[in-house]
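Shown next: upload-v6.cif, containing mmCIF, C-alpha atoms.
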```cif
data_target
loop_
_atom_site.label_atom_id
_atom_site.label_comp_id
_atom_site.auth_asym_id
_atom_site.auth_seq_id
_atom_site.Cartn_x
_atom_site.Cartn_y
_atom_site.Cartn_z
CA ALA A 895 -114.55 -13.61 -51.01
CA ARG A 896 -111.58 -14.40 -48.82
CA GLY A 897 -109.00 -16.70 -50.39
CA GLY A 898 -110.35 -16.40 -53.90
CA GLY A 899 -109.20 -14.93 -57.15
CA GLY A 900 -105.50 -14.24 -56.64
CA PRO A 901 -102.72 -16.38 -58.10
CA PRO A 902 -100.89 -18.72 -55.71
CA PRO A 903 -97.56 -17.50 -54.31
CA ALA A 904 -94.65 -18.10 -56.63
CA ALA A 905 -92.86 -21.33 -55.92
CA ALA A 906 -89.44 -20.93 -54.36
CA ALA A 907 -86.57 -21.40 -56.73
CA SER A 908 -85.26 -24.91 -56.53
CA GLY A 909 -81.93 -26.49 -57.31
CA ASP A 910 -83.47 -27.85 -60.49
CA ASN A 911 -83.13 -24.38 -62.03
CA LEU A 912 -79.38 -24.12 -61.32
CA ALA A 913 -77.01 -24.45 -64.25
CA PRO A 914 -75.03 -27.71 -64.24
CA PRO A 915 -71.35 -27.41 -63.27
CA LEU A 916 -68.94 -26.80 -66.11
CA PRO A 917 -66.79 -29.78 -67.11
CA PRO A 918 -63.12 -29.75 -66.14
CA LEU A 919 -60.61 -28.12 -68.44
CA SER A 920 -58.27 -30.80 -69.79
CA PHE A 921 -54.58 -30.38 -70.55
CA TYR A 922 -51.82 -32.82 -71.46
CA LYS A 923 -49.23 -32.09 -74.15
CA ALA A 924 -47.17 -28.90 -74.11
CA TRP A 925 -48.25 -28.05 -77.67
CA ASP A 926 -51.97 -28.49 -76.99
CA ALA A 927 -54.44 -25.92 -75.71
CA LEU A 928 -53.46 -25.03 -72.15
CA GLY A 929 -50.01 -26.41 -72.91
CA GLU A 930 -48.52 -23.93 -70.42
CA LEU A 931 -49.92 -26.15 -67.67
CA SER A 932 -47.94 -29.20 -68.78
CA ASN A 933 -44.84 -30.24 -66.86
CA PHE A 934 -43.17 -30.60 -70.26
CA SER A 935 -43.64 -26.96 -71.29
CA GLY A 936 -40.44 -25.00 -71.88
CA HIS A 937 -40.47 -22.95 -68.69
CA PRO A 938 -37.14 -23.24 -66.81
CA ILE A 939 -37.16 -23.11 -63.04
CA GLU A 940 -34.43 -22.43 -60.47
CA LEU A 941 -34.30 -24.60 -57.39
CA PRO A 942 -31.62 -26.34 -55.31
CA GLU A 943 -30.77 -29.92 -56.18
CA GLY A 944 -31.43 -31.30 -52.69
CA PRO A 945 -34.47 -33.39 -51.79
CA VAL A 946 -37.79 -31.72 -51.10
CA VAL A 947 -39.43 -33.52 -48.20
CA ARG A 948 -43.04 -33.65 -47.12
CA SER A 949 -43.65 -30.74 -44.77
CA ALA A 950 -44.65 -31.28 -41.15
CA GLY A 951 -48.16 -30.09 -41.96
CA GLY A 952 -48.64 -32.81 -44.57
CA HIS A 953 -50.09 -31.99 -47.98
CA HIS A 954 -52.15 -29.16 -46.49
CA ALA A 955 -48.98 -27.14 -45.79
CA LEU A 956 -46.72 -25.41 -48.27
CA PRO A 957 -43.58 -27.43 -49.02
CA THR A 958 -40.26 -25.79 -48.23
CA PRO A 959 -37.56 -25.84 -50.94
CA PRO A 960 -34.32 -27.43 -49.73
CA PRO A 961 -31.30 -25.29 -48.84
CA GLY A 962 -28.41 -24.94 -51.24
CA PRO A 963 -27.37 -23.01 -54.34
CA LEU A 964 -29.99 -22.49 -57.02
CA LEU A 965 -29.63 -24.55 -60.17
CA SER A 966 -31.50 -24.10 -63.45
CA TRP A 967 -33.79 -26.91 -64.56
CA PRO A 968 -35.11 -26.76 -68.15
CA THR A 969 -38.64 -27.86 -67.21
CA VAL A 970 -40.72 -28.98 -64.25
CA GLU A 971 -40.39 -32.54 -65.56
CA HIS A 972 -36.57 -32.38 -65.41
CA TYR A 973 -36.74 -31.30 -61.78
CA TYR A 974 -39.41 -33.80 -60.80
CA GLN A 975 -37.57 -36.78 -62.31
CA ALA A 976 -34.30 -35.72 -60.65
CA GLN A 977 -36.08 -35.45 -57.30
CA LYS A 978 -36.69 -39.21 -57.33
CA PHE A 979 -32.96 -39.66 -56.68
CA ALA A 980 -32.08 -36.42 -54.88
CA GLY A 981 -29.82 -36.87 -51.88
CA VAL A 982 -28.99 -40.51 -52.67
CA PRO A 983 -25.16 -40.75 -52.50
CA ARG A 984 -24.73 -43.03 -55.53
CA ALA A 985 -27.17 -41.12 -57.70
CA GLY A 986 -25.27 -37.89 -58.35
CA ALA A 987 -24.34 -38.75 -61.93
CA LEU A 988 -27.90 -39.85 -62.66
CA VAL A 989 -29.35 -36.58 -61.33
CA ALA A 990 -26.86 -34.65 -63.47
CA SER A 991 -27.84 -36.62 -66.59
CA ILE A 992 -31.52 -35.90 -66.01
CA ARG A 993 -30.84 -32.20 -65.56
CA ALA A 994 -28.77 -32.15 -68.77
CA ALA A 995 -31.38 -34.00 -70.85
CA ALA A 996 -32.12 -32.21 -74.11
CA THR A 997 -35.89 -32.47 -73.74
CA ALA A 998 -38.47 -33.07 -71.03
CA GLU A 999 -39.37 -36.33 -72.76
CA GLU A 1000 -35.77 -37.53 -72.48
CA ALA A 1001 -35.60 -36.48 -68.82
CA ALA A 1002 -38.75 -38.50 -68.13
CA ARG A 1003 -37.38 -41.51 -70.00
CA ILE A 1004 -34.09 -41.45 -68.05
CA GLY A 1005 -35.81 -41.05 -64.69
CA ARG A 1006 -38.43 -43.73 -65.24
CA ALA A 1007 -35.96 -46.22 -66.71
CA ALA A 1008 -33.52 -45.75 -63.82
CA ALA A 1009 -36.28 -46.17 -61.22
CA ARG A 1010 -37.34 -49.44 -62.84
CA ALA A 1011 -33.84 -50.80 -63.43
CA THR A 1012 -32.25 -49.74 -60.13
CA PRO A 1013 -34.97 -49.14 -57.54
CA SER A 1014 -32.33 -48.93 -54.80
CA LEU A 1015 -31.38 -45.49 -56.17
CA VAL A 1016 -34.87 -44.10 -55.56
CA ARG A 1017 -35.21 -42.06 -52.37
CA PRO A 1018 -36.76 -44.18 -49.61
CA ASP A 1019 -39.21 -41.36 -48.82
CA TRP A 1020 -40.21 -40.77 -52.44
CA ASP A 1021 -43.82 -41.94 -52.22
CA ALA A 1022 -44.42 -39.65 -49.23
CA SER A 1023 -42.56 -36.68 -50.74
CA LYS A 1024 -43.33 -36.67 -54.47
CA VAL A 1025 -46.43 -34.49 -54.20
CA SER A 1026 -44.45 -31.89 -52.22
CA ALA A 1027 -41.64 -32.07 -54.81
CA MET A 1028 -44.13 -31.48 -57.62
CA GLU A 1029 -45.80 -28.58 -55.83
CA THR A 1030 -42.40 -26.96 -55.20
CA ALA A 1031 -41.61 -27.13 -58.91
CA LEU A 1032 -45.03 -25.79 -59.93
CA ARG A 1033 -44.82 -22.84 -57.57
CA SER A 1034 -41.39 -21.97 -58.93
CA LYS A 1035 -42.65 -22.18 -62.51
CA PHE A 1036 -45.76 -20.05 -62.13
CA SER A 1037 -44.07 -17.46 -59.90
CA SER A 1038 -41.30 -16.83 -62.44
CA HIS A 1039 -43.13 -16.98 -65.80
CA PRO A 1040 -45.86 -14.33 -66.10
CA ARG A 1041 -47.40 -15.69 -69.30
CA ALA A 1042 -47.72 -19.17 -67.82
CA ALA A 1043 -49.16 -17.65 -64.64
CA ALA A 1044 -51.70 -15.71 -66.73
CA ALA A 1045 -52.73 -18.88 -68.55
CA LEU A 1046 -53.26 -20.63 -65.23
CA ALA A 1047 -55.17 -17.67 -63.76
CA ALA A 1048 -57.47 -17.64 -66.81
CA THR A 1049 -58.81 -21.05 -65.72
CA ARG A 1050 -60.08 -19.71 -62.40
CA GLY A 1051 -63.40 -21.20 -61.40
CA ARG A 1052 -62.86 -24.40 -63.38
CA ARG A 1053 -61.52 -27.76 -62.35
CA LEU A 1054 -58.34 -28.86 -64.11
CA ALA A 1055 -57.70 -32.39 -65.33
CA GLU A 1056 -54.48 -33.82 -66.72
CA ALA A 1057 -55.72 -36.03 -69.55
CA ALA A 1058 -52.83 -38.51 -69.36
CA PRO A 1059 -54.39 -41.80 -70.52
CA SER A 1060 -51.97 -44.10 -68.66
CA ASP A 1061 -51.39 -42.09 -65.49
CA TYR A 1062 -53.88 -42.71 -62.70
CA PHE A 1063 -51.92 -40.84 -60.05
CA TRP A 1064 -51.05 -37.47 -61.63
CA GLY A 1065 -53.76 -37.65 -64.29
CA VAL A 1066 -57.31 -38.87 -64.76
CA GLY A 1067 -56.39 -41.95 -66.80
CA VAL A 1068 -58.12 -43.20 -69.90
CA ASP A 1069 -61.48 -43.61 -68.16
CA GLY A 1070 -61.46 -40.46 -66.02
CA THR A 1071 -61.18 -42.24 -62.67
CA GLY A 1072 -57.58 -41.28 -61.84
CA ALA A 1073 -56.62 -39.26 -58.77
CA ASN A 1074 -55.59 -36.24 -60.92
CA HIS A 1075 -53.05 -34.92 -58.43
CA LEU A 1076 -51.42 -32.66 -61.01
CA GLY A 1077 -54.70 -30.96 -61.82
CA ARG A 1078 -55.47 -30.57 -58.12
CA LEU A 1079 -52.04 -29.09 -57.41
CA LEU A 1080 -52.44 -26.60 -60.24
CA GLU A 1081 -55.79 -25.53 -58.77
CA ARG A 1082 -54.09 -25.14 -55.38
CA VAL A 1083 -51.33 -22.97 -56.85
CA ARG A 1084 -53.86 -20.94 -58.85
CA ASP A 1085 -56.32 -20.35 -56.03
CA GLY A 1086 -53.90 -19.83 -53.16
CA GLU A 1087 -52.64 -22.28 -50.55
CA GLY A 1088 -55.36 -24.61 -49.32
CA ALA A 1089 -58.08 -23.08 -51.50
CA SER A 1090 -58.74 -26.26 -53.38
CA GLY A 1091 -58.54 -28.53 -50.37
CA SER A 1092 -56.23 -31.36 -49.53
CA VAL A 1093 -54.00 -32.91 -52.12
CA GLU A 1094 -53.48 -35.97 -49.96
CA PRO A 1095 -53.11 -39.01 -52.24
CA ALA A 1096 -56.43 -40.78 -52.55
CA ALA A 1097 -56.73 -44.32 -51.24
CA GLY A 1098 -55.54 -46.73 -53.87
CA ALA A 1099 -54.14 -44.02 -56.14
CA GLY A 1100 -51.12 -45.25 -58.01
CA ALA A 1101 -52.30 -48.86 -57.81
CA ARG A 1102 -54.55 -48.57 -60.87
CA ARG A 1103 -53.54 -49.33 -64.41
CA GLY A 1104 -50.38 -47.65 -65.56
CA ALA A 1105 -49.93 -45.40 -62.55
CA GLY A 1106 -46.68 -46.89 -61.32
CA ALA A 1107 -45.06 -46.66 -64.74
CA VAL A 1108 -45.62 -42.93 -65.08
CA ALA A 1109 -45.49 -41.35 -61.61
#
```
How would this structure read if it were set down as structure tokens?
Amino acid sequence: ARGGGGPPPAAAASGDNLAPPLPPLSFYKAWDALGELSNFSGHPIELPEGPVVRSAGGHHALPTPPPGPLLSWPTVEHYYQAQKFAGVPRAGALVASIRAAATAEEAARIGRAAARATPSLVRPDWDASKVSAMETALRSKFSSHPRAAAALAATRGRRLAEAAPSDYFWGVGVDGTGANHLGRLLERVRDGEGASGSVEPAAGAGARRGAGAVA
């Protein structure tokens, strides 16, 4: 008889059968797993000392390194901390001391302490330009160190999260709610310009616990 006997058509596959997304890959200290992704890893970069400014296209566009002779910076962190004061007339000696710091930890300590003690030495455009400065340093690092570039490429397809417990701007913070700009920039460098979307600072980022002390 019509309509009898046969099994019903197979149900269409639904989203319930899809595998859940993989969790982000976390990184933090240079000696940990994925330590090559840390700003503190021992990968020197060569960039001019002048200030990197936010490009006309905003955070969607590639930043342009400043003109001038190339200088060697021991780590991304050395360069980033020095950029806080780049181009400020009275800050030349401070920039030189950061560049000469024996370790990335010391460079970070000098830069953060100077920004707290003498905020007038910090570039007036720093909040608007610091993401571009960081991206410039990251692109220099991963374009000149093949092993670090390979480590970054091996994370393709995964989100990256800097597990800095007290940094809610560059990292995810202790509770995972931070803006994670460093992880997002690394994805952008890894995947090609614009592939991981905007790295525009999220609303309120940097105002959460600990963010101002670390960024």
Please build the interface table for region 986-1054 of chain A against region 952-973 of chain A with a cut-off of 7 Å, listing for each qualifying residue the nearest atom pair and the distance in Å to one decimal; count only C-alpha atoms, order rows by chain and increasing number, and write it as a Markdown table.
```
| residue | atom | partner | partner_atom | distance |
| --- | --- | --- | --- | --- |
| A:Ile992 | CA | A:His972 | CA | 6.2 |
| A:Arg993 | CA | A:His972 | CA | 5.7 |
| A:Ala998 | CA | A:Glu971 | CA | 5.8 |
| A:Ala1001 | CA | A:His972 | CA | 5.4 |
| A:Ala1002 | CA | A:Glu971 | CA | 6.7 |
| A:Ser1026 | CA | A:Pro957 | CA | 5.6 |
| A:Thr1030 | CA | A:Pro957 | CA | 6.3 |
| A:Ala1031 | CA | A:Val970 | CA | 5.7 |
| A:Leu1032 | CA | A:Val970 | CA | 6.9 |
```
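Here CA of Ser932 (chain A) stands at a distance of 8.3 Å from CA of Glu1056 (chain A).
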Polymer residues at most 7 Å from region 916-926 of chain A, only C-alpha atoms, same-chain spacing of 4 or more positions, as a PyMOL selection string:
chain A and resi 930-932+934-935+1052-1058
Distance CA of Val947 (chain A)-CA of Ala1007 (chain A), one decimal place?
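For CA of Val947 (chain A) relative to CA of Ala1007 (chain A), the distance reads 22.7 Å.
Ranking A:Pro1040, A:Pro914, A:Gly944, A:Gly936 by their shortest atom-to-atom distance to Val989 (chain A), with all atoms listed in the file included, puts A:Gly944 first.
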Selection result of the PyMOL selection byres ((chain A and resi 1009) around 12) on this file, as an NGL selection string:
:A and (975-979 or 985 or 988-989 or 1002-1008 or 1010-1018 or 1020 or 1106-1109)
Missing atoms in region 920-939 of chain A need filling: write out N, CA, C and O atoms for it as a CSV table (one decimal), in the frame of the given file.
```csv
chain,number,residue,atom,x,y,z
A,920,SER,N,-59.3,-29.8,-69.6
A,920,SER,CA,-58.3,-30.8,-69.8
A,920,SER,C,-57.0,-30.2,-70.4
A,920,SER,O,-57.0,-29.3,-71.2
A,921,PHE,N,-55.9,-30.7,-70.0
A,921,PHE,CA,-54.6,-30.4,-70.6
A,921,PHE,C,-53.7,-31.6,-70.6
A,921,PHE,O,-54.0,-32.6,-69.8
A,922,TYR,N,-52.7,-31.7,-71.4
A,922,TYR,CA,-51.8,-32.8,-71.5
A,922,TYR,C,-50.5,-32.5,-72.1
A,922,TYR,O,-49.5,-32.2,-71.4
A,923,LYS,N,-50.5,-32.4,-73.4
A,923,LYS,CA,-49.2,-32.1,-74.2
A,923,LYS,C,-48.9,-30.6,-74.1
A,923,LYS,O,-49.8,-29.8,-74.1
A,924,ALA,N,-47.6,-30.3,-74.2
A,924,ALA,CA,-47.2,-28.9,-74.1
A,924,ALA,C,-47.6,-28.1,-75.3
A,924,ALA,O,-47.7,-26.9,-75.3
A,925,TRP,N,-47.9,-28.8,-76.4
A,925,TRP,CA,-48.2,-28.0,-77.7
A,925,TRP,C,-49.8,-28.0,-77.8
A,925,TRP,O,-50.3,-27.4,-78.8
A,926,ASP,N,-50.5,-28.6,-76.9
A,926,ASP,CA,-52.0,-28.5,-77.0
A,926,ASP,C,-52.5,-27.2,-76.4
A,926,ASP,O,-51.7,-26.4,-75.8
A,927,ALA,N,-53.8,-27.0,-76.5
A,927,ALA,CA,-54.4,-25.9,-75.7
A,927,ALA,C,-54.1,-26.1,-74.2
A,927,ALA,O,-54.1,-27.2,-73.7
A,928,LEU,N,-53.9,-25.0,-73.6
A,928,LEU,CA,-53.5,-25.0,-72.2
A,928,LEU,C,-52.1,-25.7,-72.0
A,928,LEU,O,-51.8,-26.3,-70.9
A,929,GLY,N,-51.3,-25.7,-73.0
A,929,GLY,CA,-50.0,-26.4,-72.9
A,929,GLY,C,-49.1,-25.8,-71.9
A,929,GLY,O,-48.2,-26.5,-71.4
A,930,GLU,N,-49.3,-24.5,-71.5
A,930,GLU,CA,-48.5,-23.9,-70.4
A,930,GLU,C,-48.7,-24.7,-69.1
A,930,GLU,O,-47.8,-24.5,-68.2
A,931,LEU,N,-49.7,-25.4,-68.9
A,931,LEU,CA,-49.9,-26.2,-67.7
A,931,LEU,C,-49.1,-27.5,-67.6
A,931,LEU,O,-49.0,-28.1,-66.5
A,932,SER,N,-48.7,-27.9,-68.7
A,932,SER,CA,-47.9,-29.2,-68.8
A,932,SER,C,-46.6,-29.1,-68.1
A,932,SER,O,-45.9,-28.1,-68.2
A,933,ASN,N,-46.2,-30.2,-67.4
A,933,ASN,CA,-44.8,-30.2,-66.9
A,933,ASN,C,-43.7,-30.2,-67.9
A,933,ASN,O,-42.6,-30.0,-67.6
A,934,PHE,N,-44.1,-30.5,-69.2
A,934,PHE,CA,-43.2,-30.6,-70.3
A,934,PHE,C,-43.0,-29.3,-71.0
A,934,PHE,O,-42.2,-29.2,-71.9
A,935,SER,N,-43.8,-28.2,-70.6
A,935,SER,CA,-43.6,-27.0,-71.3
A,935,SER,C,-42.3,-26.3,-71.0
A,935,SER,O,-41.7,-26.6,-70.0
A,936,GLY,N,-41.8,-25.5,-72.0
A,936,GLY,CA,-40.4,-25.0,-71.9
A,936,GLY,C,-40.3,-23.8,-71.0
A,936,GLY,O,-40.0,-22.7,-71.4
A,937,HIS,N,-40.6,-24.0,-69.7
A,937,HIS,CA,-40.5,-23.0,-68.7
A,937,HIS,C,-39.4,-23.4,-67.6
A,937,HIS,O,-39.7,-24.1,-66.7
A,938,PRO,N,-38.2,-22.9,-67.8
A,938,PRO,CA,-37.1,-23.2,-66.8
A,938,PRO,C,-37.5,-22.8,-65.4
A,938,PRO,O,-38.2,-21.7,-65.2
A,939,ILE,N,-37.0,-23.5,-64.4
A,939,ILE,CA,-37.2,-23.1,-63.0
A,939,ILE,C,-35.8,-23.1,-62.4
A,939,ILE,O,-34.9,-23.8,-62.8
```
